[in-house]
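For reference, data36.cif (mmCIF, C-alpha atoms and all ligand atoms):
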```
data_target
#
loop_
_atom_site.label_atom_id
_atom_site.label_comp_id
_atom_site.auth_asym_id
_atom_site.auth_seq_id
_atom_site.Cartn_x
_atom_site.Cartn_y
_atom_site.Cartn_z
CA MET A 168 140.07 74.33 85.99
CA ILE A 169 140.44 74.26 89.75
CA ASP A 170 143.85 73.96 91.38
CA PRO A 171 144.71 72.04 94.59
CA PHE A 172 144.06 75.17 96.68
CA GLY A 173 140.56 75.68 95.31
CA ARG A 174 141.51 78.61 93.06
CA VAL A 175 139.73 78.77 89.71
CA VAL A 176 142.21 79.19 86.87
CA SER A 177 140.54 81.33 84.22
CA TYR A 178 143.33 83.54 82.93
CA LEU A 179 146.08 82.48 80.51
CA ARG A 180 149.06 84.60 79.53
CA VAL A 181 150.78 83.50 76.36
CA SER A 182 154.26 84.60 75.42
CA VAL A 183 154.16 84.46 71.62
CA THR A 184 157.88 85.15 71.14
CA ASP A 185 160.96 85.51 73.34
CA ARG A 186 162.30 88.23 71.01
CA CYS A 187 161.98 91.91 71.73
CA ASP A 188 163.05 95.06 69.91
CA LEU A 189 164.05 96.71 73.23
CA ARG A 190 166.45 95.57 75.98
CA CYS A 191 165.10 97.11 79.20
CA VAL A 192 167.94 97.00 81.72
CA TYR A 193 165.95 95.27 84.50
CA CYS A 194 164.46 92.72 82.08
CA MET A 195 167.21 91.49 79.75
CA GLY A 196 170.97 91.38 79.52
CA GLU A 197 172.47 93.18 76.55
CA ASP A 198 173.75 89.97 74.91
CA MET A 199 170.57 87.90 74.88
CA HIS A 200 170.45 84.61 72.96
CA PHE A 201 167.06 83.94 71.47
CA LEU A 202 165.49 80.59 70.75
CA PRO A 203 165.99 78.72 67.48
CA LYS A 204 162.87 78.72 65.31
CA ALA A 205 162.24 74.96 65.54
CA GLU A 206 161.69 75.23 69.29
CA VAL A 207 159.11 77.97 68.96
CA LEU A 208 155.48 77.02 68.38
CA SER A 209 154.01 78.07 65.05
CA LEU A 210 151.10 80.51 65.12
CA GLU A 211 148.78 77.58 64.31
CA GLU A 212 150.16 75.61 67.26
CA LEU A 213 149.77 78.62 69.56
CA GLU A 214 146.16 78.94 68.45
CA ARG A 215 145.51 75.24 69.13
CA LEU A 216 147.05 75.63 72.56
CA CYS A 217 144.91 78.67 73.37
CA ALA A 218 141.79 76.86 72.16
CA ALA A 219 142.56 73.93 74.49
CA PHE A 220 142.77 76.31 77.47
CA VAL A 221 139.55 78.04 76.46
CA ARG A 222 137.81 74.63 76.29
CA ALA A 223 139.16 73.95 79.79
CA GLY A 224 137.66 77.15 81.19
CA VAL A 225 139.98 80.07 80.45
CA ARG A 226 137.94 83.29 79.98
CA LYS A 227 140.74 85.82 79.62
CA LEU A 228 143.73 85.61 77.32
CA ARG A 229 146.70 87.98 77.31
CA LEU A 230 149.36 87.87 74.60
CA THR A 231 152.77 88.99 75.71
CA GLY A 232 156.42 88.23 75.08
CA GLY A 233 159.19 89.28 74.36
CA GLU A 234 157.35 91.81 72.26
CA PRO A 235 154.20 90.23 70.81
CA LEU A 236 153.93 92.71 67.93
CA VAL A 237 157.36 91.84 66.52
CA ARG A 238 156.25 88.27 65.78
CA ARG A 239 155.73 87.90 62.02
CA ASN A 240 152.05 87.59 60.99
CA ILE A 241 150.92 88.05 64.58
CA MET A 242 147.66 89.62 63.36
CA SER A 243 146.53 86.29 61.91
CA LEU A 244 146.66 84.75 65.41
CA ILE A 245 145.00 87.81 66.98
CA ASP A 246 142.23 87.81 64.36
CA ASN A 247 141.51 84.12 64.99
CA LEU A 248 141.57 84.45 68.79
CA GLY A 249 139.40 87.57 68.51
CA GLN A 250 136.79 85.35 66.92
CA LEU A 251 136.50 83.53 70.28
CA VAL A 252 135.58 86.85 71.92
CA LYS A 253 133.04 87.59 69.21
CA ASP A 254 131.53 84.09 69.68
CA GLY A 255 131.27 84.60 73.46
CA ARG A 256 133.69 81.76 74.23
CA LEU A 257 136.20 84.22 75.69
CA ASP A 258 135.47 87.33 77.80
CA GLU A 259 138.61 89.17 76.89
CA LEU A 260 141.57 89.11 74.53
CA THR A 261 144.25 91.62 75.39
CA LEU A 262 147.97 92.21 75.11
CA THR A 263 150.98 93.71 76.80
CA THR A 264 153.24 95.65 74.47
CA ASN A 265 156.02 98.22 74.43
CA ALA A 266 154.04 100.16 71.77
CA THR A 267 156.90 100.48 69.27
CA GLN A 268 154.75 98.80 66.58
CA LEU A 269 151.36 100.07 67.76
CA ALA A 270 150.98 102.88 65.22
CA LYS A 271 150.87 100.11 62.59
CA TYR A 272 148.63 97.68 64.49
CA ALA A 273 146.22 99.67 66.68
CA ASP A 274 143.30 99.77 64.22
CA GLY A 275 143.69 96.07 63.41
CA LEU A 276 143.70 95.16 67.09
CA ALA A 277 140.49 97.09 67.72
CA ALA A 278 138.86 95.44 64.68
CA ALA A 279 139.94 92.00 65.95
CA GLY A 280 138.04 92.51 69.21
CA VAL A 281 140.78 93.76 71.53
CA ARG A 282 139.28 96.37 73.90
CA ARG A 283 142.04 97.08 76.40
CA ILE A 284 145.79 97.09 76.10
CA ASN A 285 148.67 97.35 78.58
CA ILE A 286 151.61 99.44 77.47
CA SER A 287 154.95 99.41 79.26
CA LEU A 288 156.48 102.85 79.68
CA ASP A 289 159.04 103.65 82.35
CA SER A 290 159.92 107.25 81.50
CA LEU A 291 158.58 110.27 79.62
CA ASN A 292 162.06 111.70 79.23
CA PRO A 293 163.56 110.74 75.81
CA GLU A 294 167.17 110.34 77.01
CA ARG A 295 166.16 108.38 80.04
CA PHE A 296 163.76 106.22 78.04
CA GLN A 297 166.62 105.38 75.73
CA ALA A 298 168.91 104.55 78.65
CA ILE A 299 166.36 102.24 80.32
CA THR A 300 165.46 100.43 77.09
CA ARG A 301 169.11 100.57 75.87
CA TRP A 302 168.05 101.92 72.44
CA GLY A 303 164.30 102.71 72.37
CA ARG A 304 162.87 105.91 70.87
CA LEU A 305 160.26 107.61 73.02
CA ASP A 306 158.64 109.48 70.10
CA GLN A 307 157.89 106.18 68.34
CA VAL A 308 156.31 104.78 71.50
CA ILE A 309 154.21 107.91 72.14
CA GLU A 310 152.99 107.74 68.55
CA GLY A 311 151.95 104.13 69.16
CA ILE A 312 150.17 105.00 72.39
CA MET A 313 148.23 107.81 70.72
CA ALA A 314 147.29 105.49 67.85
CA ALA A 315 145.85 103.04 70.39
CA LYS A 316 143.86 105.83 72.00
CA ALA A 317 142.59 107.02 68.62
CA ALA A 318 141.55 103.45 67.74
CA GLY A 319 139.36 103.41 70.84
CA LEU A 320 141.46 100.98 72.88
CA ALA A 321 141.45 101.53 76.65
CA VAL A 322 145.10 102.11 77.53
CA LYS A 323 146.76 101.17 80.80
CA ILE A 324 150.35 102.26 81.25
CA ASN A 325 152.63 99.88 83.19
CA THR A 326 155.64 101.46 84.87
CA VAL A 327 158.31 99.50 86.70
CA ALA A 328 159.31 101.59 89.73
CA LEU A 329 163.08 102.00 89.55
CA LYS A 330 165.16 103.45 92.35
CA GLU A 331 167.17 106.34 90.89
CA GLY A 332 165.77 105.24 87.51
CA ASN A 333 162.42 107.02 87.34
CA GLU A 334 161.38 107.76 90.94
CA ASP A 335 161.44 111.53 90.32
CA GLU A 336 158.94 111.11 87.43
CA HIS A 337 156.09 109.31 89.16
CA ASP A 338 154.05 112.49 89.77
CA HIS A 339 154.54 113.50 86.15
CA LEU A 340 153.38 110.07 84.95
CA VAL A 341 150.22 110.35 87.08
CA GLU A 342 149.57 113.80 85.64
CA TRP A 343 150.25 112.73 82.03
CA CYS A 344 148.03 109.65 82.33
CA GLY A 345 145.31 111.85 83.85
CA GLU A 346 145.50 114.25 80.89
CA HIS A 347 145.18 111.43 78.36
CA GLY A 348 142.60 109.33 80.19
CA PHE A 349 144.92 106.38 80.86
CA ASP A 350 145.09 104.22 83.97
CA LEU A 351 148.57 103.66 85.37
CA THR A 352 150.03 100.67 87.18
CA PHE A 353 153.29 100.63 89.07
CA ILE A 354 155.21 97.35 89.32
CA GLU A 355 157.99 96.31 91.68
CA THR A 356 161.09 94.83 90.04
CA MET A 357 161.25 91.08 90.42
CA PRO A 358 164.45 89.01 90.61
CA MET A 359 164.00 87.14 87.33
CA GLY A 360 166.87 86.21 85.02
CA GLU A 361 170.52 87.26 85.02
CA ILE A 362 170.86 90.92 84.00
CA HIS A 363 174.49 91.61 85.04
CA ALA A 364 173.39 94.36 87.40
CA ASP A 365 172.64 94.63 91.08
CA ARG A 366 168.88 94.43 91.58
CA THR A 367 169.04 95.87 95.08
CA GLU A 368 170.12 99.09 93.39
CA GLN A 369 166.98 99.10 91.21
CA TYR A 370 164.40 97.92 93.70
CA LEU A 371 161.92 100.46 95.04
CA PRO A 372 159.07 99.25 97.28
CA LEU A 373 155.66 100.51 96.17
CA THR A 374 154.69 101.27 99.78
CA LEU A 375 157.19 104.13 99.46
CA VAL A 376 155.98 105.11 95.98
CA ARG A 377 152.43 105.40 97.28
CA GLN A 378 153.48 107.45 100.32
CA ARG A 379 155.32 109.90 98.07
CA LEU A 380 152.40 110.19 95.62
CA GLU A 381 150.14 111.05 98.54
CA HIS A 382 152.09 114.30 99.08
CA ARG A 383 150.62 115.60 95.84
CA TRP A 384 147.54 113.47 95.04
CA THR A 385 144.44 112.37 96.93
CA LEU A 386 144.35 108.57 96.59
CA THR A 387 141.20 106.66 97.54
CA ASP A 388 141.27 102.85 97.84
CA ILE A 389 138.74 101.22 95.53
CA ASP A 390 137.51 97.65 94.93
CA TYR A 391 138.20 97.71 91.18
CA ARG A 392 139.78 94.48 89.84
CA THR A 393 140.81 93.53 86.30
CA GLY A 394 141.41 89.87 87.01
CA GLY A 395 145.13 90.62 87.43
CA PRO A 396 147.19 91.03 90.61
CA ALA A 397 146.99 94.84 90.98
CA THR A 398 145.19 96.64 93.80
CA TYR A 399 143.78 100.01 92.78
CA VAL A 400 143.23 103.54 94.04
CA ARG A 401 141.38 106.42 92.41
CA VAL A 402 143.26 109.70 91.93
CA GLU A 403 140.63 112.25 92.94
CA GLU A 404 142.31 115.11 91.04
CA THR A 405 142.35 113.27 87.68
CA GLY A 406 139.55 110.71 88.08
CA ARG A 407 141.88 107.99 86.78
CA ARG A 408 143.04 104.83 88.56
CA ILE A 409 146.48 103.83 89.77
CA GLY A 410 147.25 100.14 90.26
CA PHE A 411 150.02 98.71 92.43
CA ILE A 412 151.53 95.31 91.64
CA THR A 413 153.58 94.30 94.64
CA PRO A 414 155.10 90.83 94.23
CA MET A 415 157.84 91.79 96.71
CA THR A 416 156.10 93.71 99.49
CA HIS A 417 152.78 91.88 99.34
CA ASN A 418 152.39 88.39 98.07
CA PHE A 419 149.10 88.19 96.14
CA CYS A 420 149.17 84.46 95.46
CA GLU A 421 146.05 83.65 97.48
CA SER A 422 143.88 85.09 94.71
CA CYS A 423 145.98 83.84 91.79
CA ASN A 424 143.79 82.82 88.85
CA ARG A 425 146.39 82.56 86.11
CA VAL A 426 149.00 80.41 84.43
CA ARG A 427 151.55 81.26 81.74
CA VAL A 428 152.71 79.46 78.66
CA THR A 429 155.90 80.30 76.79
CA CYS A 430 156.39 80.37 73.03
CA THR A 431 157.94 76.89 73.25
CA GLY A 432 154.77 75.52 74.84
CA THR A 433 156.15 75.30 78.36
CA LEU A 434 153.45 75.91 80.95
CA TYR A 435 154.47 77.69 84.16
CA MET A 436 151.88 77.35 86.87
CA CYS A 437 153.55 80.15 88.88
CA LEU A 438 155.62 83.14 87.68
CA GLY A 439 157.98 82.79 90.63
CA GLN A 440 158.55 79.02 90.66
CA ASN A 441 160.52 76.72 88.36
CA ASP A 442 158.08 73.82 88.08
CA ALA A 443 156.70 73.60 84.54
CA ALA A 444 154.87 71.28 82.17
CA ASP A 445 155.86 70.57 78.58
CA LEU A 446 152.81 71.03 76.36
CA ARG A 447 154.70 71.05 73.06
CA THR A 448 155.32 67.28 73.11
CA PRO A 449 151.64 66.30 73.54
CA LEU A 450 150.65 69.05 71.09
CA ARG A 451 152.97 67.74 68.38
CA ALA A 452 152.45 64.05 69.19
CA SER A 453 148.88 63.87 67.93
CA GLU A 454 146.52 65.80 65.71
CA SER A 455 143.76 65.13 68.17
CA ASP A 456 143.82 67.15 71.39
CA HIS A 457 143.32 64.43 73.97
CA LEU A 458 147.02 64.23 75.00
CA LEU A 459 147.20 68.02 75.23
CA ASP A 460 144.01 68.28 77.28
CA ALA A 461 145.27 65.60 79.68
CA ALA A 462 148.65 67.35 80.08
CA ILE A 463 146.91 70.64 80.94
CA THR A 464 144.67 68.97 83.54
CA GLU A 465 147.65 67.21 85.11
CA ALA A 466 149.68 70.45 85.29
CA ILE A 467 146.90 72.50 86.89
CA GLY A 468 146.75 69.75 89.53
CA ARG A 469 150.21 70.80 90.70
CA LYS A 470 149.87 74.60 90.64
CA PRO A 471 151.88 75.68 93.71
CA LYS A 472 150.53 77.75 96.56
CA GLY A 473 152.71 80.76 95.73
CA HIS A 474 156.07 82.36 95.17
CA ASP A 475 158.60 83.78 97.55
CA PHE A 476 160.77 86.37 95.85
CA ILE A 477 163.73 87.77 97.75
CA ILE A 478 166.01 90.43 96.32
CA ASP A 479 169.43 89.75 97.66
CA ARG A 480 172.64 91.50 96.65
CA ALA A 481 174.76 88.35 96.64
CA ALA A 482 172.31 85.77 95.44
CA HIS A 483 171.35 84.56 92.01
CA PRO A 484 167.97 85.63 90.62
CA ALA A 485 165.05 83.90 92.36
CA VAL A 486 164.13 82.26 89.09
CA GLY A 487 166.68 81.83 86.32
CA ARG A 488 164.47 82.63 83.36
CA HIS A 489 163.94 86.19 82.21
CA MET A 490 160.56 87.87 82.28
CA SER A 491 160.75 87.94 78.48
CA VAL A 492 160.62 84.12 78.48
CA THR A 493 157.62 83.65 80.75
CA GLY A 494 155.92 86.84 79.59
CA GLY A 495 155.01 89.76 81.83
N1 LIG B 1 157.35 93.62 75.39
C1 LIG B 1 156.13 93.76 76.12
C2 LIG B 1 156.19 94.97 77.01
O1 LIG B 1 157.18 95.70 76.99
O2 LIG B 1 155.22 95.20 77.73
C3 LIG B 1 155.69 92.53 76.90
C4 LIG B 1 156.71 91.75 77.68
S1 LIG B 1 157.47 92.59 79.03
C5 LIG B 1 158.53 91.28 79.66
C6 LIG B 1 156.13 92.71 80.19
C7 LIG B 1 156.34 93.56 81.39
O3 LIG B 1 157.26 92.95 82.27
C8 LIG B 1 156.86 94.94 81.12
O4 LIG B 1 155.97 95.88 81.71
C9 LIG B 1 158.18 94.97 81.81
O5 LIG B 1 158.48 96.24 82.29
C10 LIG B 1 157.98 93.96 82.92
N2 LIG B 1 159.19 93.36 83.47
C11 LIG B 1 160.20 92.78 82.82
N3 LIG B 1 161.14 92.31 83.67
C12 LIG B 1 160.72 92.61 84.90
C13 LIG B 1 161.24 92.40 86.22
N4 LIG B 1 162.39 91.78 86.41
N5 LIG B 1 160.50 92.86 87.26
C14 LIG B 1 159.31 93.48 87.06
N6 LIG B 1 158.77 93.71 85.86
C15 LIG B 1 159.46 93.28 84.79
#
```

The structure given in the file should be rewritten as structure tokens.
Ligand code: SAM
Amino acid sequence: MIDPFGRVVSYLRVSVTDRCDLRCVYCMGEDMHFLPKAEVLSLEELERLCAAFVRAGVRKLRLTGGEPLVRRNIMSLIDNLGQLVKDGRLDELTLTTNATQLAKYADGLAAAGVRRINISLDSLNPERFQAITRWGRLDQVIEGIMAAKAAGLAVKINTVALKEGNEDEHDHLVEWCGEHGFDLTFIETMPMGEIHADRTEQYLPLTLVRQRLEHRWTLTDIDYRTGGPATYVRVEETGRRIGFITPMTHNFCESCNRVRVTCTGTLYMCLGQNDAADLRTPLRASESDHLLDAAITEAIGRKPKGHDFIIDRAAHPAVGRHMSVTGG
């Protein structure tokens, strides 16, 4: 799949549910309304959708949400998609998770063919973790992370940089990840979805985060890429990598290779734009895939050049939908 700007689209992120067992303050409001079941694609439909993208040239698939591991029977989908990796039709199957359910699933994921996993963790302090997630338990998450490590999965920790939220912990996170052999990626908060809070009070530019880290750590720029939007440095003291995802301070759209589909089968060609394509109608209209394949081709033909997020105290969020809808 090649978009109008000559970019090859080879990476699909699939939100398998809009539901989550946490309510991170920058991600969701407290009183979220989740989708009725009839609107959500079945696991079989999600698999058919993924297969259509793989036929069209996708080589990397990431399952996300909401929280992918709270979807009932999710392992049946992961096992079937893992088969595509084992057959060589897909280079990588991975997922982004909050790790609350990982102690239960880590071994199964490794057996299914998952090699790497991204885990969201914004604080190593139990009280603070609970405050950020509104009710999460850090010990449960740490248990999940260690289960993933024990299962042989390569772990990357994703931390949203939060002004006055976790900025005093960044050195500790680098140290902790170094001790456990995890890479770490910092993410800037993006203005997505109404959260009934002022985002200018949460936003911390990663240029500043990096400057502060350099007081304690020796950071060397490296060429490493994972197919995602992060740029990486090596921490000389620990030997591990730190990634920076900077949708606000540096727009990385020129190298964008990905599209996202929600659990209702809505395809977003850009995380930061509202244009979308309905894939559920062609999927459900026919048992053959020709309508679906045509809808995907048509949608890729209007992938926009990029996004333009602005965090503004007075304004509405740049895009109305929450990250939990499109999938992080
Ligand atoms: N439940 C899974 C998890 O916690 O990783 C997957 C979904 S979650 C929406 C994916 C990632 O998006 C998380 O790392 C989360 O911190 C991040 N995220 C959510 N809302 C965000 C926002 N407004 N700006 C930046 N990152 C956000």

Check: Counting only C-alpha atoms, what is within 6 Å of region 276-291 of chain A, bar same-chain residues fewer than 4 positions away, as a VMD selection string?
Finding: chain A and resid 246 249 260 to 265 296 320 to 326

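From CA of Gln268 (chain A) back to CA of Ile312 (chain A), the distance works out to 9.7 Å.
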
Checklist line | Pick from A:Ser455, A:Ser209, A:Thr433, A:Thr267, whichever lies nearest to ligand LIG 1 (chain B) using all atoms listed in the file | finding: A:Thr267

Margin query: Using all atoms listed in the file, which protein or nucleic acid residues come within 7 Å of region 353-366 of chain A? Drop anything in the same chain fewer than 2 positions from it, and give the result as a PyMOL selection string.
Written below: chain A and resi 193-196+325-328+351+368-373+410-415+476+478+480+484-490

Output file for the residues above (C-alpha atoms, as a PDB file, in the frame of the given file):
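So the final result, stored in out21.pdb, reads:
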```pdb
ATOM      1  CA  TYR A 193     165.950  95.270  84.500  1.00  0.00           C
ATOM      2  CA  CYS A 194     164.460  92.720  82.080  1.00  0.00           C
ATOM      3  CA  MET A 195     167.210  91.490  79.750  1.00  0.00           C
ATOM      4  CA  GLY A 196     170.970  91.380  79.520  1.00  0.00           C
ATOM      5  CA  ASN A 325     152.630  99.880  83.190  1.00  0.00           C
ATOM      6  CA  THR A 326     155.640 101.460  84.870  1.00  0.00           C
ATOM      7  CA  VAL A 327     158.310  99.500  86.700  1.00  0.00           C
ATOM      8  CA  ALA A 328     159.310 101.590  89.730  1.00  0.00           C
ATOM      9  CA  LEU A 351     148.570 103.660  85.370  1.00  0.00           C
ATOM     10  CA  GLU A 368     170.120  99.090  93.390  1.00  0.00           C
ATOM     11  CA  GLN A 369     166.980  99.100  91.210  1.00  0.00           C
ATOM     12  CA  TYR A 370     164.400  97.920  93.700  1.00  0.00           C
ATOM     13  CA  LEU A 371     161.920 100.460  95.040  1.00  0.00           C
ATOM     14  CA  PRO A 372     159.070  99.250  97.280  1.00  0.00           C
ATOM     15  CA  LEU A 373     155.660 100.510  96.170  1.00  0.00           C
ATOM     16  CA  GLY A 410     147.250 100.140  90.260  1.00  0.00           C
ATOM     17  CA  PHE A 411     150.020  98.710  92.430  1.00  0.00           C
ATOM     18  CA  ILE A 412     151.530  95.310  91.640  1.00  0.00           C
ATOM     19  CA  THR A 413     153.580  94.300  94.640  1.00  0.00           C
ATOM     20  CA  PRO A 414     155.100  90.830  94.230  1.00  0.00           C
ATOM     21  CA  MET A 415     157.840  91.790  96.710  1.00  0.00           C
ATOM     22  CA  PHE A 476     160.770  86.370  95.850  1.00  0.00           C
ATOM     23  CA  ILE A 478     166.010  90.430  96.320  1.00  0.00           C
ATOM     24  CA  ARG A 480     172.640  91.500  96.650  1.00  0.00           C
ATOM     25  CA  PRO A 484     167.970  85.630  90.620  1.00  0.00           C
ATOM     26  CA  ALA A 485     165.050  83.900  92.360  1.00  0.00           C
ATOM     27  CA  VAL A 486     164.130  82.260  89.090  1.00  0.00           C
ATOM     28  CA  GLY A 487     166.680  81.830  86.320  1.00  0.00           C
ATOM     29  CA  ARG A 488     164.470  82.630  83.360  1.00  0.00           C
ATOM     30  CA  HIS A 489     163.940  86.190  82.210  1.00  0.00           C
ATOM     31  CA  MET A 490     160.560  87.870  82.280  1.00  0.00           C
TER      32      MET A 490
END
```

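In this model, the gap between CA of Thr184 (chain A) and CA of Glu206 (chain A) comes to 10.8 Å.
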
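Restricting the calculation to only C-alpha atoms and all ligand atoms, the smallest distance between ligand LIG 1 (chain B) and any of A:Asp185, A:Asp306, A:Glu342, A:Asp335 is found for A:Asp185.
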
Next item on the list: Kindly give the distance, in Å, that separates CA of Glu404 (chain A) and CA of Asp338 (chain A), rounded to a single decimal.
Entry: 12.1 Å

Check: Using all atoms listed in the file, which of A:Ser182, A:Asn333, A:Thr231, A:Gln440 sits nearest Val428 (chain A)?
Finding: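 Counting all atoms listed in the file, the residue closest to Val428 (chain A) is A:Ser182.
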
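Of the listed residues (A:Ala219, A:Leu228, A:Ala266, A:Ile409), A:Ala266 comes nearest to ligand LIG 1 (chain B); the distances count all atoms listed in the file.
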
Item checked: Option closest in space to ligand LIG 1 (chain B), from A:Pro471, A:Gly332, A:Gly232, A:Gly275 [counting only C-alpha atoms and all ligand atoms] -> A:Gly232

Margin query: Please list as a list in words every residue within 12 Å of Leu213 (chain A), counting only C-alpha atoms and excluding residues in the same chain fewer than 6 positions away.
Written below: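 The residues that qualify are Arg180, Val181, Ser182, Val183, Thr184, Val207, Ala219, Phe220, Leu230, Ile241, Ser243, Leu244, Ile245, Asn247, Leu248, Val428, Thr429, Cys430, Thr431, Gly432, Thr433, Leu446, Arg447, Leu450 and Arg451 of chain A.
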
How would the residues just chosen look if you wrote them out with C-alpha atoms as a tab-separated table (two decimals), keeping the file's coordinate frame?
```
chain	number	residue	atom	x	y	z
A	180	ARG	CA	149.06	84.60	79.53
A	181	VAL	CA	150.78	83.50	76.36
A	182	SER	CA	154.26	84.60	75.42
A	183	VAL	CA	154.16	84.46	71.62
A	184	THR	CA	157.88	85.15	71.14
A	207	VAL	CA	159.11	77.97	68.96
A	219	ALA	CA	142.56	73.93	74.49
A	220	PHE	CA	142.77	76.31	77.47
A	230	LEU	CA	149.36	87.87	74.60
A	241	ILE	CA	150.92	88.05	64.58
A	243	SER	CA	146.53	86.29	61.91
A	244	LEU	CA	146.66	84.75	65.41
A	245	ILE	CA	145.00	87.81	66.98
A	247	ASN	CA	141.51	84.12	64.99
A	248	LEU	CA	141.57	84.45	68.79
A	428	VAL	CA	152.71	79.46	78.66
A	429	THR	CA	155.90	80.30	76.79
A	430	CYS	CA	156.39	80.37	73.03
A	431	THR	CA	157.94	76.89	73.25
A	432	GLY	CA	154.77	75.52	74.84
A	433	THR	CA	156.15	75.30	78.36
A	446	LEU	CA	152.81	71.03	76.36
A	447	ARG	CA	154.70	71.05	73.06
A	450	LEU	CA	150.65	69.05	71.09
A	451	ARG	CA	152.97	67.74	68.38
```

Notebook entry, point to check: For ligand LIG 1 (chain B), which residue out of A:Asp188, A:Asp442, A:Asp254, A:Glu294 is the nearest one, using all atoms listed in the file?
Noted result: A:Asp188
